[in-house]
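Participant: Below: one structure in structure tokens.
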Amino acid sequence: MKKLWIYFAVVMVVSFAVLGYYGVEIYREAPPIPTKVVNSNGETIFTKQDIQEGQQIWQSIGGQELGSIWGHGAYTAPDWNADWIHREATYLLDGWSEKEFHRSYDDLDTEQQAALKSRLTKQIRKNTYNSDTDQIVLSLQREDAVNSNVTYYSKLFSDDPDLSHLREQYAMKENTLSGHEKLFKLGAFFFWTSWACTTDRPNQNITYTNNWPAEELIGNKPSGSLLLWTGFSVIMLLAGIGVLAFYHAKKQEDEIDEAHLPAEDPLMGINSTPSMRATLKYFWIVNFLILFQVVMGVVTAHYGVEGQGLYGIPLAKFLPYSITRTWHVQIAIFWIATSWLATGLYIAPAVSGYEPKYQRLGVNFLFISLLIIVVGSLIGQLLGVMQQLGLTTNFWFGHQGLEYVDLGRFWQIYLFVGLILWLILMLRALMPALKRNHSDKNLLLLFIISAVAIALFYGAGLTWGQHTHLSVIEYFRWWVVHLWVEGFFEVFATVVIAFLFVRMKIINIKVATFTAISSATIFLVGGIIGTFHHLYFTGTPTAVLALGSTFSALEVVPLVFMGYEGFHNYRVMKATTWTINYKWPIYFFISVSFWNLVGAGIFGFMINPPIALYYIQGLNTTSVHAHTALFGVYGMLGIGLMLFVVKGLSRPQQWKQGLIRFAFWSLNIGLILMVLLSVLPVGLAQTVASVDKGLWYARSAEFHHLDYILVFKWLRFIGDTIFAVGTIVLAYFVIGLKFGWSYEKSDKS
């Protein structure tokens, strides 16, 4: 056990040292934001204030929930960088072609086109940033192209009637942004983020975004390092699988202690304390939020075919796409986190056998705080997108425009304080158990470490301000999304499940502890530094690409062996006659193993290698991974934990199998059909388009409204409907455990 803790500590220290060191490098080598952008005559085009306030304005309209920047964000509207770059390039090429050949660029022969493209590439990719004057200098021709783009986006984001049809196709509401000054500054921000995509780093032949996005007109194509580290990531994946296969082959000790299985359910002998019973209302809210999230998901998906309405209802006037998608994503995080946190509050007194004074009061206070955060942040986001808040007020109470971290800074701080309160409540209940010299002390210590990490790592979302560089924001944003959600919540869940099975006396405590610590160590080996795989094209140095591709491949290694975990959970369910009472919570754990392999493993690695992500980033293939990993893994796990807890809090009677069986299979089959019939085919078609023509085309209105793409989008209705019905039945079943209709009548007295 001592060696395991040493390995765990070394992985943590070394990994965070690497993460921290390259965080400094990202800050140091980020694309410069100049004091001024000027033309060759020295006349000012944009100022630094224009660019920074343009970023704030972009965030206030939903930011990454309306199109994407650097490939991160929503998928219905364009990636604004790919779109800007293509428009700027074609403007210059057509201008030169008309002037020199009196024909459009498309009508030129191959040699003439090649000459103009060569000229364009030299001008666009040349780094004209002067560090001495802190200025970017543009030619007069390029200034015209930039001004043309600013005019176009000003019309698109306002209410110009000529672009109303395009706004509908992009699921943008009329007057997304109003006021000439705001529209101009939004254009300044789009220019700067696009400039970083097309401009070579000093003394290098790759752009600040590692030549992303693909754009044949300016010579943006995969670099040699991109191909090198793709190959290396595959090698690391195979090597990791080999090592872990050897570990599984060598491991001989059986996790299930069949010789000492109890004759009756040990959990039934646990008396629920007041604070444990107080967690029940958390799970009612979880079910309500699931239903609300699904409704928002249905509306968001429908906006993909009817951009400003829902079956003729002009819903976008009140709930535009950027809001429904924000709520769909944000509520998912809220209910999953609520389920896991409530499980922790339930488990802590059960593990220690100790109910601290005022523990129930703390649990109830935290519940009220979570409700305020959920309702307050959602209202603030709506007000922000509807442009009812000033830029500073929006930052604090409205919409930060950052996917998964959309809530305003005040709500972030409030949630961080709530997590600290949760941690205190956990520690108060667990300390007596930790002081005892008991066999579960090591497992308990890992439980506490993961709880501390959950509380503290959300604080990474408080590191940026209103004018922080976008590269730095992305670095810390993925600390929250990847390390907080995908990292330490995963460790926490592993330990909670181990505790449950140990308390059921099915798994030997020594084996459970060994498995939990070793699994956490293996996962974090790739998981911490693997955070970098989200940052390949966000203005980061090549070393980040190398580390991210290598270690994100290692993240997939333990997922390949999810079959072991699924079979183990199945054996737990079949271990004795009474364990069948936990059939459906355990079935959800089995589904977690399936979705870990498919959603996080297969679909995750599909988009992880640099050469794949180069063409795929910002397409529906990312949505495939997001749905199957976020709901398939973390959502199903949250539901499984919820069912375990409500089993302990409900009557000792037989559940109605039909209801929960229907909910389980509807959720899983609905998710499978949602992906296979719609999201994945659209993503694969986009991938082909991205490789053949570029990201600008794969995300264009023209492509999204091809007849066969619309058919695939409509097919999503099948999976969505089955999935939605499953959530309704699940909520009906859970509430019925309180009011009686979810029990078999024959068991009632």
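In the structure tokens, chains take letters A, B, ... by order of appearance, with residues numbered from 1 within each chain and ligands from 1 in the order shown.
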Counting only C-alpha atoms, what is within 8 Å of A:Tyr587, bar same-chain residues fewer than 2 positions away, as a list in words?
Facilitator: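 Result of the neighbour search: Asn569, Tyr570, Lys583, Trp584, Pro585, Phe589, Ile590, Ser591 and Gly640 of chain A.
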Participant: Among stretch 355-448 of chain A, which residues carry a DSSP assignment of alpha helix (DSSP H), reported as a ChimeraX atom specification?
Facilitator: /A:359-385,391-397,409-435,441-448
Participant: Considering only C-alpha atoms, can you say which of A:Phe184, A:Trp5, A:Phe191, A:Trp422 comes closest to A:Val146?
Facilitator: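 So, comparing all the options, the nearest one is A:Phe191.
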Participant: List every residue of stretch 43-91 of chain A that has an atom at most 12 Å from any atom of stretch 279-301 of chain A, and for each one report the closest atom pair and its distance in Å to one decimal, counting only C-alpha atoms, with rows sorted by chain and then by increasing residue number, as a Markdown table.
Facilitator:
```
| residue | atom | partner | partner_atom | distance |
| --- | --- | --- | --- | --- |
| A:Glu65 | CA | A:Thr300 | CA | 10.7 |
| A:Leu66 | CA | A:Thr300 | CA | 11.4 |
| A:Ala74 | CA | A:Thr300 | CA | 10.5 |
| A:Tyr75 | CA | A:Ala301 | CA | 10.5 |
| A:Thr76 | CA | A:Ala301 | CA | 9.3 |
```
Participant: Give one line per residue of stretch 93-197 of chain A that approaches stretch 696-710 of chain A to at most 12 Å, naming the two atoms of the closest pair and their distance in Å to one decimal, counting only C-alpha atoms; sort by chain then ascending residue number and deliver it as JSON lines.
Facilitator:
```
{"residue": "A:Leu163", "atom": "CA", "partner": "A:Ala701", "partner_atom": "CA", "distance": 11.9}
{"residue": "A:His165", "atom": "CA", "partner": "A:Ala701", "partner_atom": "CA", "distance": 10.0}
{"residue": "A:Leu166", "atom": "CA", "partner": "A:Ala701", "partner_atom": "CA", "distance": 7.2}
{"residue": "A:Arg167", "atom": "CA", "partner": "A:Ala701", "partner_atom": "CA", "distance": 9.4}
{"residue": "A:Glu168", "atom": "CA", "partner": "A:Ala701", "partner_atom": "CA", "distance": 9.6}
{"residue": "A:Gln169", "atom": "CA", "partner": "A:Ala701", "partner_atom": "CA", "distance": 6.0}
{"residue": "A:Tyr170", "atom": "CA", "partner": "A:Ala701", "partner_atom": "CA", "distance": 6.7}
{"residue": "A:Ala171", "atom": "CA", "partner": "A:Ala701", "partner_atom": "CA", "distance": 10.2}
```
Participant: Rank A:Ala663, A:Leu483, A:Leu421, A:Leu641 by their smallest atom-to-atom distance to A:Ala498, using only C-alpha atoms, and report the top residue only.
Facilitator: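 Among the listed residues, A:Leu641 lies closest to A:Ala498.
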Participant: I'd like to know which residues of stretch 108-343 of chain A are strand (DSSP E) (by DSSP, run on the backbone); could you write them as a list in words?
Facilitator: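 Reading the DSSP output for stretch 108-343 of chain A, strand (DSSP E) covers Tyr129, Asn130, Gln135, Ile136, Val137 and Leu138 of chain A.
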